[in-house]
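Visitor: Quick one: the structure is below, and I'll ask about it shortly.
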Amino acid sequence: MGNRILFLILTVLFTGGVAAQVVVKGNRSWKWQSFGTSALKLVYQPEGNWLQTNLSDAVIAKPDKQVLGWELHVDTVTTNIAVLFPDSVSLELARDDTGSLKGFRIRLEPGERLYGGGERAIDLNRRGYRLPLYNEPSYGYQEGAVALNYSVPVFFSSRGYAVFFDNPSRGYADLGKSDSSWMEVSFTGGELNVYLITGATLDEQLRHFTELTGRQPLPPRWTFGNFMSRFGYTSQEQVLDILERTQAARIPTDAVIFDLFWFGDKIQGTLGNFDWINRQHWPDPKGMMDSLANRKIKTILISEPFFLEGTKYYPESLPFLAVDNNGKPYTLQDLYFGKGGLLDLFRNDAQSWFWKLYDKQIRLGVDGWWGDLGEPEKHPADMFHKISIGGKTTSVSADVVHNIYGHTWSKFLAGYYLKNYPGQRLFYLNRSGFAGTPRYGIFPWTGDVSRSWSGLRAQLSLLQGMSISGVPYIHSDAGGFAGGDGDAELYLRWLQFAAFTPVFRPHGTMVGNIDPGAASYPSEPVEWPDSIRDAARRIIQIRYDLLPYNYSLAFDQTTIGKPLIRPMNYYSFADSNLQRSTDQYMWGDQLLVAPIVEKGATTRKLWLPEGDWFSFWTNRRIPGGASLDEPVQWDRIPVFVKAGSFIPTRPGLRNTDDYKTRFLLVKYYQDEHPSSYTLFDDDGKNPQSLSTGNFERINFSAKTVKNVQQIIVGTDNVGYVGKVIKKVIVLEIISNAGNPKQIRLDNMIVPVRSKFEESELGKGSGSIWDPINNTLRVYFEYTGKPQVLSLSY
């Protein structure tokens, strides 16, 4: 395309901040702003009556005072524009303003691949698809679902750029389906803007994108625990019984999620009660939540923005509902749950009223929230919302603001938590949002997926696609939600996959006592046969053991924008093997995960990238740069560790509240090449831990000089007053090099022990060699002072 630009009739050239606007044919115009050398915003003003107002607050970065480093060529005849990026990438854009939908066309090159776009159960490379830009649910979806609950109009190109269209109105993105040479993105209203983003890799592009839109704050540490959930618990007695049996079975657990039966005893006709109205089934909600808290179990309640006729709060909600053409509360006639209205959450008074309902339950002991149906599920074009534009209130069609309804809901809740509970990190499940919503602490899931193998397979592209769309805590209803036949193998394989995703939340339909015709199967491991329960317990325990590693991934996301789930080609568009390996992914930079997504599978074919790898389960060392047919085990999925990795663990945890860095088992997968890793720790609760310096980073690095390998442990931020001063670190070195001839810690010889005795921990140092598993364990006290462990071979 670079050559093609040379043949355009270019009549205007701007660079170095000379101008920020040019009027072209008719009254059309282009405007632009730069954000350093990482992004450029272009705004196109079409002719005619067009609501040219940006209703989105997705971008929080501040533009430069002048444009520097970007070169723009505008053709005043065709109004097309060509852009030369600071890193020499060139892009050709054309306006598309001939129809009722208006937007942009961007020329595509042969072989160019496009990623992102939000929640889609399709190929990770979205080129060749036409994607609706409209958040909508799809009950019981499987592979191939193009439109789902959370669309994000950002696309990342293998040519080394990304484009973000900051427009929340209804639209579409045609990624070369109608014309393979062009990307076409159009909208029903709003400001016609596009952000051009630099970056040679997905990692760089996503970092620059999240610099524009913000990143997710640190989650409460219990986010990485096991959540007990189903659709749905119908009584206080039932919840406490299942929890008691779960804990008796030694299954680690951190939270219980209450679906809509907490405010009613049926599925339909209850949205809008928002209170424990059935005191026969829920005799003492506060006492129940106190009992859960005493067991270190968090309480999460579902909430919806719909208020139905006949419910407790419907009469009070009427002044705050979205309206029809006549300004009267809009009554939805075809909402599955019943007849009623939708809160106009774009209004401050509606938010203030809604918050009172939330706060009443928070004061009883609620720890987190689940926002459901927030697309919104029913949102007709002739429904209107009142929004503030330039200090004036204006009514706009639902289509214009549809895709930021869930975003606005999240923003509202986060804002009120910050004001009223400033010491609490918000945990908020919401299945819908927009670009920038993660900065309000959202934990979205992939909707009402089919309880089927196709539903499970769909999660691989969904979670990877959302992760690189800037939504890092995407996860699924583990085990599947809708339909199904009680397939125990499917249930177990889904849980094994979910253990290496941002949120572990088994959740499915179990409403046989309410709706006898529904396909009902339990979500809790304790409700399955012993063999399934025990296998589920093992994988849940692995997730808890990995808490130090997983929580450190959250730190990387918050500070530098890395998603927790990373596609195999995250760092390279050039490697065709990585490009094709879309049915596996990296959990952080160290762990490669290959879920089992076929029933009865006996082997799993996967690709190991260049370098050496270790089996997470057996410590077997395997050379990379080749495909692998891995035998399948019943109680695990293939997981591999990159050689040179440090993996911090805390074995045996049953609840995340029990986690302290007083004891750490850090596994080092030995390699001759230098490597490093940083473990992050804070109290897991304080929203201001980063800004106030109340955190600790423990740095591990390894290097080999001749026949001596040195492992160095050091600490950042030694002033953190809440840290554990004295720690015991057990460094487990997985090696094929054999037992070292000598081990020194800061030039002191480490004594050799015949066996590992926990009673010896905290009493100096020692080492134990395990010839069967090729592992060396070295334990020592650590107080923050840099220490060097030297292994002589």
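We label chains A, B, ... in the order they appear in the structure tokens, count residues from 1 in each chain, and number ligands from 1 in the order shown.
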Just the residues within 10 Å of Gly486 of chain A, please, counting only C-alpha atoms, with nothing from its chain fewer than 6 positions along; format it as a list of chain:residue names.
Guide: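 Final neighbour list, sorted by chain and number: A:Arg451, A:Ser452, A:Gly479, A:Ala519, A:Ser520, A:Tyr521, A:Pro522, A:Trp528.
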Visitor: Atom CA of Gly484 of chain A and atom CA of Gly508 of chain A are how many Å apart?
Guide: 9.9 Å
Visitor: Using only C-alpha atoms, what table do you get, as JSON lines, when you list each residue of segment 152-174 of chain A with an atom no more than 9 Å from segment 53-76 of chain A, its nearest pair of atoms, and their distance in Å rounded to one decimal, rows by chain then rising number?
Guide:
```
{"residue": "A:Asp166", "atom": "CA", "partner": "A:Ser56", "partner_atom": "CA", "distance": 6.8}
{"residue": "A:Asn167", "atom": "CA", "partner": "A:Ser56", "partner_atom": "CA", "distance": 6.6}
{"residue": "A:Pro168", "atom": "CA", "partner": "A:Ser56", "partner_atom": "CA", "distance": 6.5}
{"residue": "A:Ser169", "atom": "CA", "partner": "A:Leu55", "partner_atom": "CA", "distance": 8.9}
```
Visitor: Go ahead and write the selection's residues with C-alpha atoms as a CSV table (one decimal), in the first residue's frame.
Guide:
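Resulting contents of result-v9.csv:
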```csv
chain,number,residue,atom,x,y,z
A,166,ASP,CA,-14.7,5.5,19.8
A,167,ASN,CA,-18.4,5.4,18.9
A,168,PRO,CA,-20.9,3.5,21.1
A,169,SER,CA,-23.8,3.7,18.6
```
Visitor: So, with only C-alpha atoms as the atoms that count, which of A:Phe663, A:Gln742, A:Ser303, A:Arg250 lies closest to Arg538 of chain A?
Guide: A:Arg250
Visitor: Find the nearest atom pair between each residue of segment 226-328 of chain A and segment 402-420 of chain A for residues within 12 Å, count only C-alpha atoms, give distances in Å to one decimal, sort rows by chain and ascending number, and present the table as CSV.
Guide:
```
residue,atom,partner,partner_atom,distance
A:Ser303,CA,A:Trp409,CA,11.1
A:Glu304,CA,A:Trp409,CA,10.2
A:Pro305,CA,A:Trp409,CA,8.7
A:Ala322,CA,A:Tyr405,CA,11.7
```
Visitor: Write down as a PyMOL selection string the residues of segment 76-315 of chain A whose backbone DSSP state falls under alpha helix (DSSP H).
Guide: chain A and resi 202-213+236-248+285-294+314-315
Visitor: Those same residues - N, CA and C atoms - I'd like them written as an mmCIF file, in the first residue's frame.
Guide:
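Contents of result13.cif, as written:
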```cif
data_model
loop_
_atom_site.group_PDB
_atom_site.id
_atom_site.type_symbol
_atom_site.label_atom_id
_atom_site.label_comp_id
_atom_site.auth_asym_id
_atom_site.auth_seq_id
_atom_site.Cartn_x
_atom_site.Cartn_y
_atom_site.Cartn_z
ATOM 1 N N LEU A 202 1.074 -7.452 18.948
ATOM 2 C CA LEU A 202 -0.135 -7.310 19.755
ATOM 3 C C LEU A 202 0.188 -6.697 21.112
ATOM 4 N N ASP A 203 1.306 -7.084 21.680
ATOM 5 C CA ASP A 203 1.707 -6.558 22.980
ATOM 6 C C ASP A 203 1.854 -5.040 22.931
ATOM 7 N N GLU A 204 2.545 -4.522 21.923
ATOM 8 C CA GLU A 204 2.749 -3.075 21.820
ATOM 9 C C GLU A 204 1.444 -2.360 21.490
ATOM 10 N N GLN A 205 0.676 -2.913 20.572
ATOM 11 C CA GLN A 205 -0.583 -2.278 20.191
ATOM 12 C C GLN A 205 -1.548 -2.211 21.379
ATOM 13 N N LEU A 206 -1.641 -3.310 22.132
ATOM 14 C CA LEU A 206 -2.549 -3.341 23.275
ATOM 15 C C LEU A 206 -2.066 -2.404 24.378
ATOM 16 N N ARG A 207 -0.770 -2.319 24.576
ATOM 17 C CA ARG A 207 -0.246 -1.390 25.576
ATOM 18 C C ARG A 207 -0.621 0.050 25.223
ATOM 19 N N HIS A 208 -0.476 0.415 23.951
ATOM 20 C CA HIS A 208 -0.823 1.773 23.529
ATOM 21 C C HIS A 208 -2.332 2.009 23.600
ATOM 22 N N PHE A 209 -3.119 0.995 23.272
ATOM 23 C CA PHE A 209 -4.575 1.127 23.352
ATOM 24 C C PHE A 209 -5.015 1.355 24.796
ATOM 25 N N THR A 210 -4.466 0.576 25.719
ATOM 26 C CA THR A 210 -4.869 0.734 27.122
ATOM 27 C C THR A 210 -4.279 1.995 27.747
ATOM 28 N N GLU A 211 -3.231 2.556 27.153
ATOM 29 C CA GLU A 211 -2.781 3.879 27.585
ATOM 30 C C GLU A 211 -3.835 4.934 27.260
ATOM 31 N N LEU A 212 -4.572 4.719 26.179
ATOM 32 C CA LEU A 212 -5.657 5.630 25.809
ATOM 33 C C LEU A 212 -6.873 5.456 26.707
ATOM 34 N N THR A 213 -7.253 4.199 26.957
ATOM 35 C CA THR A 213 -8.553 3.908 27.574
ATOM 36 C C THR A 213 -8.482 3.540 29.051
ATOM 37 N N GLN A 236 -31.776 -20.264 51.984
ATOM 38 C CA GLN A 236 -30.650 -20.123 52.897
ATOM 39 C C GLN A 236 -30.143 -21.492 53.336
ATOM 40 N N GLU A 237 -31.051 -22.389 53.627
ATOM 41 C CA GLU A 237 -30.681 -23.736 54.064
ATOM 42 C C GLU A 237 -29.880 -24.461 52.988
ATOM 43 N N GLN A 238 -30.308 -24.323 51.736
ATOM 44 C CA GLN A 238 -29.616 -24.995 50.634
ATOM 45 C C GLN A 238 -28.191 -24.479 50.482
ATOM 46 N N VAL A 239 -28.013 -23.169 50.530
ATOM 47 C CA VAL A 239 -26.684 -22.573 50.383
ATOM 48 C C VAL A 239 -25.741 -23.078 51.465
ATOM 49 N N LEU A 240 -26.177 -23.018 52.701
ATOM 50 C CA LEU A 240 -25.308 -23.411 53.809
ATOM 51 C C LEU A 240 -25.003 -24.900 53.788
ATOM 52 N N ASP A 241 -25.959 -25.702 53.326
ATOM 53 C CA ASP A 241 -25.737 -27.146 53.241
ATOM 54 C C ASP A 241 -24.669 -27.472 52.200
ATOM 55 N N ILE A 242 -24.790 -26.896 51.000
ATOM 56 C CA ILE A 242 -23.818 -27.188 49.940
ATOM 57 C C ILE A 242 -22.443 -26.662 50.324
ATOM 58 N N LEU A 243 -22.396 -25.483 50.919
ATOM 59 C CA LEU A 243 -21.109 -24.938 51.336
ATOM 60 C C LEU A 243 -20.463 -25.812 52.401
ATOM 61 N N GLU A 244 -21.244 -26.255 53.369
ATOM 62 C CA GLU A 244 -20.692 -27.098 54.436
ATOM 63 C C GLU A 244 -20.118 -28.384 53.864
ATOM 64 N N ARG A 245 -20.815 -28.990 52.915
ATOM 65 C CA ARG A 245 -20.308 -30.225 52.310
ATOM 66 C C ARG A 245 -19.092 -29.946 51.427
ATOM 67 N N THR A 246 -19.075 -28.792 50.775
ATOM 68 C CA THR A 246 -17.921 -28.407 49.955
ATOM 69 C C THR A 246 -16.676 -28.255 50.814
ATOM 70 N N GLN A 247 -16.808 -27.560 51.914
ATOM 71 C CA GLN A 247 -15.654 -27.369 52.786
ATOM 72 C C GLN A 247 -15.250 -28.666 53.487
ATOM 73 N N ALA A 248 -16.233 -29.498 53.815
ATOM 74 C CA ALA A 248 -15.917 -30.795 54.423
ATOM 75 C C ALA A 248 -15.144 -31.679 53.450
ATOM 76 N N PRO A 285 -31.220 -13.069 56.216
ATOM 77 C CA PRO A 285 -30.150 -12.780 55.253
ATOM 78 C C PRO A 285 -28.874 -12.265 55.913
ATOM 79 N N LYS A 286 -29.019 -11.345 56.854
ATOM 80 C CA LYS A 286 -27.819 -10.811 57.503
ATOM 81 C C LYS A 286 -27.105 -11.897 58.303
ATOM 82 N N GLY A 287 -27.865 -12.696 59.025
ATOM 83 C CA GLY A 287 -27.252 -13.783 59.776
ATOM 84 C C GLY A 287 -26.547 -14.770 58.864
ATOM 85 N N MET A 288 -27.151 -15.043 57.710
ATOM 86 C CA MET A 288 -26.529 -15.943 56.742
ATOM 87 C C MET A 288 -25.214 -15.355 56.237
ATOM 88 N N MET A 289 -25.223 -14.063 55.876
ATOM 89 C CA MET A 289 -24.003 -13.437 55.365
ATOM 90 C C MET A 289 -22.939 -13.332 56.449
ATOM 91 N N ASP A 290 -23.358 -13.118 57.681
ATOM 92 C CA ASP A 290 -22.396 -13.124 58.790
ATOM 93 C C ASP A 290 -21.773 -14.512 58.947
ATOM 94 N N SER A 291 -22.604 -15.539 58.810
ATOM 95 C CA SER A 291 -22.102 -16.910 58.912
ATOM 96 C C SER A 291 -21.108 -17.207 57.795
ATOM 97 N N LEU A 292 -21.424 -16.746 56.579
ATOM 98 C CA LEU A 292 -20.501 -16.930 55.462
ATOM 99 C C LEU A 292 -19.192 -16.195 55.723
ATOM 100 N N ALA A 293 -19.292 -14.966 56.210
ATOM 101 C CA ALA A 293 -18.084 -14.184 56.478
ATOM 102 C C ALA A 293 -17.214 -14.853 57.535
ATOM 103 N N ASN A 294 -17.842 -15.469 58.528
ATOM 104 C CA ASN A 294 -17.076 -16.176 59.555
ATOM 105 C C ASN A 294 -16.325 -17.368 58.976
ATOM 106 N N TYR A 314 -41.019 -1.304 41.657
ATOM 107 C CA TYR A 314 -41.484 -0.780 40.370
ATOM 108 C C TYR A 314 -42.120 0.605 40.505
ATOM 109 N N PRO A 315 -43.037 0.838 41.447
ATOM 110 C CA PRO A 315 -43.636 2.179 41.540
ATOM 111 C C PRO A 315 -42.595 3.276 41.766
#
```
Visitor: When distances are computed from only C-alpha atoms, which of A:Gln424, A:Ser138, A:Pro46, A:Ile514 shows the smallest separation from Gly99 of chain A?
Guide: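 Nearest candidate to Gly99 of chain A out of A:Gln424, A:Ser138, A:Pro46, A:Ile514: A:Pro46.
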Visitor: Residues within 9 Å of segment 545-559 of chain A, please, as an NGL selection string. Count only C-alpha atoms; anything in the same chain fewer than 6 positions from it doesn't count.
Guide: :A and (214-219 or 221 or 224-225 or 472 or 500 or 502 or 587-588 or 647-653 or 656 or 659 or 661 or 664 or 678-681 or 684)
Visitor: Please produce a file of those selected residues containing C-alpha atoms, as an mmCIF file, in the first residue's frame.
Guide:
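The file below, selection.cif, is the result:
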```cif
data_model
loop_
_atom_site.group_PDB
_atom_site.id
_atom_site.type_symbol
_atom_site.label_atom_id
_atom_site.label_comp_id
_atom_site.auth_asym_id
_atom_site.auth_seq_id
_atom_site.Cartn_x
_atom_site.Cartn_y
_atom_site.Cartn_z
ATOM 1 C CA GLY A 214 -7.153 2.988 30.977
ATOM 2 C CA ARG A 215 -6.472 -0.321 32.686
ATOM 3 C CA GLN A 216 -8.231 -2.435 35.253
ATOM 4 C CA PRO A 217 -7.379 -1.597 38.869
ATOM 5 C CA LEU A 218 -6.006 -4.345 41.057
ATOM 6 C CA PRO A 219 -8.806 -6.778 41.890
ATOM 7 C CA ARG A 221 -7.270 -11.024 45.833
ATOM 8 C CA PHE A 224 -8.651 -15.725 42.069
ATOM 9 C CA GLY A 225 -10.521 -18.129 44.329
ATOM 10 C CA PRO A 472 -8.518 -8.763 30.751
ATOM 11 C CA PHE A 500 -6.131 -21.236 34.000
ATOM 12 C CA PRO A 502 -9.000 -15.027 35.088
ATOM 13 C CA TRP A 587 -1.361 -17.993 30.903
ATOM 14 C CA GLY A 588 1.056 -15.175 31.591
ATOM 15 C CA ILE A 647 6.642 -20.021 39.257
ATOM 16 C CA PRO A 648 5.780 -18.874 42.809
ATOM 17 C CA THR A 649 3.271 -21.055 44.656
ATOM 18 C CA ARG A 650 1.639 -21.324 48.060
ATOM 19 C CA PRO A 651 0.703 -25.008 48.438
ATOM 20 C CA GLY A 652 -2.303 -26.113 50.419
ATOM 21 C CA LEU A 653 -4.369 -22.922 50.539
ATOM 22 C CA THR A 656 -7.273 -16.684 49.654
ATOM 23 C CA TYR A 659 -2.403 -16.254 51.845
ATOM 24 C CA THR A 661 4.194 -14.494 51.735
ATOM 25 C CA LEU A 664 6.699 -19.432 49.460
ATOM 26 C CA THR A 678 8.865 -10.455 39.614
ATOM 27 C CA LEU A 679 6.400 -11.578 42.291
ATOM 28 C CA PHE A 680 3.924 -8.913 43.411
ATOM 29 C CA ASP A 681 2.329 -8.751 46.844
ATOM 30 C CA GLY A 684 -5.111 -7.834 48.481
#
```
Visitor: Would you work out the distance separating atom CA of Phe434 of chain A from atom CA of Glu136 of chain A, expressed in Å to one decimal?
Guide: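 Atom CA of Glu136 of chain A lies at a distance of 12.6 Å from atom CA of Phe434 of chain A.
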Visitor: Go through A:Pro595, A:Pro137, A:Gly171, A:Pro771 and flag the residue nearest Glu375 of chain A, using only C-alpha atoms for the distances.
Guide: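 Ranking A:Pro595, A:Pro137, A:Gly171, A:Pro771 by distance to Glu375 of chain A, first place goes to A:Pro137.
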Visitor: Tell me which protein, DNA and RNA residues are within 12 Å of Met748 of chain A, counting only C-alpha atoms, leaving out same-chain ones fewer than 3 positions away, and put them as a list in words.
Guide: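 Close residues of Met748 of chain A: Gln742, Ile743, Arg744, Leu745, Pro751, Gly764, Ser765, Gly766, Phe780, Gln787, Val788, Leu789, Ser790 and Leu791 of chain A.
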Visitor: Rank A:Ser467, A:Gln709, A:Ser645, A:Ser235 by their smallest atom-to-atom distance to Leu592 of chain A, using only C-alpha atoms, and report the top residue only.
Guide: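 That would be A:Ser645, the residue with the smallest distance to Leu592 of chain A.
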Visitor: Please identify all polymer residues within 12 Å of Arg621 of chain A, counting only C-alpha atoms, omitting same-chain residues fewer than 6 positions from it, and present them as a list in words.
Guide: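 Listing them by chain and then by number gives Leu608, Gly611, Asp612, Trp613, Phe614, Ser615, Phe640, Val641, Lys642, Ala643, Gly644, Tyr669, Gln670, Asp671, Ile734, Ser735, Asn736, Ala737, Asn773 and Asn774 of chain A.
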Visitor: Suppose we keep C-alpha atoms; can you now write the selection as a PDB file, in the first residue's frame?
Guide:
```
ATOM      1  CA  LEU A 608       5.629 -25.910  21.522  1.00  0.00           C
ATOM      2  CA  GLY A 611      13.197 -23.129  23.371  1.00  0.00           C
ATOM      3  CA  ASP A 612      12.878 -25.857  25.966  1.00  0.00           C
ATOM      4  CA  TRP A 613       9.699 -26.608  27.911  1.00  0.00           C
ATOM      5  CA  PHE A 614       8.789 -28.666  30.971  1.00  0.00           C
ATOM      6  CA  SER A 615       5.613 -30.579  31.662  1.00  0.00           C
ATOM      7  CA  PHE A 640       3.824 -26.654  29.968  1.00  0.00           C
ATOM      8  CA  VAL A 641       6.322 -24.304  31.587  1.00  0.00           C
ATOM      9  CA  LYS A 642       8.856 -22.319  29.610  1.00  0.00           C
ATOM     10  CA  ALA A 643      12.440 -23.178  30.576  1.00  0.00           C
ATOM     11  CA  GLY A 644      13.939 -20.429  32.696  1.00  0.00           C
ATOM     12  CA  TYR A 669      12.666 -24.546  35.677  1.00  0.00           C
ATOM     13  CA  GLN A 670      16.369 -24.508  35.060  1.00  0.00           C
ATOM     14  CA  ASP A 671      17.792 -23.123  31.841  1.00  0.00           C
ATOM     15  CA  ILE A 734      13.708 -28.596  38.271  1.00  0.00           C
ATOM     16  CA  SER A 735      16.811 -29.699  36.416  1.00  0.00           C
ATOM     17  CA  ASN A 736      18.384 -32.281  34.175  1.00  0.00           C
ATOM     18  CA  ALA A 737      21.857 -31.220  35.288  1.00  0.00           C
ATOM     19  CA  ASN A 773      12.080 -36.247  40.043  1.00  0.00           C
ATOM     20  CA  ASN A 774      15.310 -34.422  39.165  1.00  0.00           C
TER      21      ASN A 774
END
```
Visitor: Taking only C-alpha atoms into account, name the residue in A:Pro283, A:Gly340, A:Gly722, A:Pro563 that is nearest to Glu309 of chain A.
Guide: A:Gly340
Visitor: Env of segment 127-134 of chain A: 7 Å cut, atoms = only C-alpha atoms, seq-sep filter 2 positions within chain, self excluded. Answer as JSON, numbers by chain.
Guide: {"A": [113, 114, 125, 136, 146, 147, 151, 170, 171, 172, 173, 174, 175, 176, 177, 403]}
Visitor: So that I can check the surroundings of Asp344 of chain A, please list as a list in words every protein, DNA and RNA residue that reaches within 9 Å of it, counting only C-alpha atoms and ignoring chain neighbours fewer than 5 positions away.
Guide: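 Skipping anything fewer than 5 positions along the chain leaves Pro305, Phe320, Leu321, Ala322, Val323, Ala350, Gln351, Phe384, His385, Lys386 and Tyr405 of chain A.
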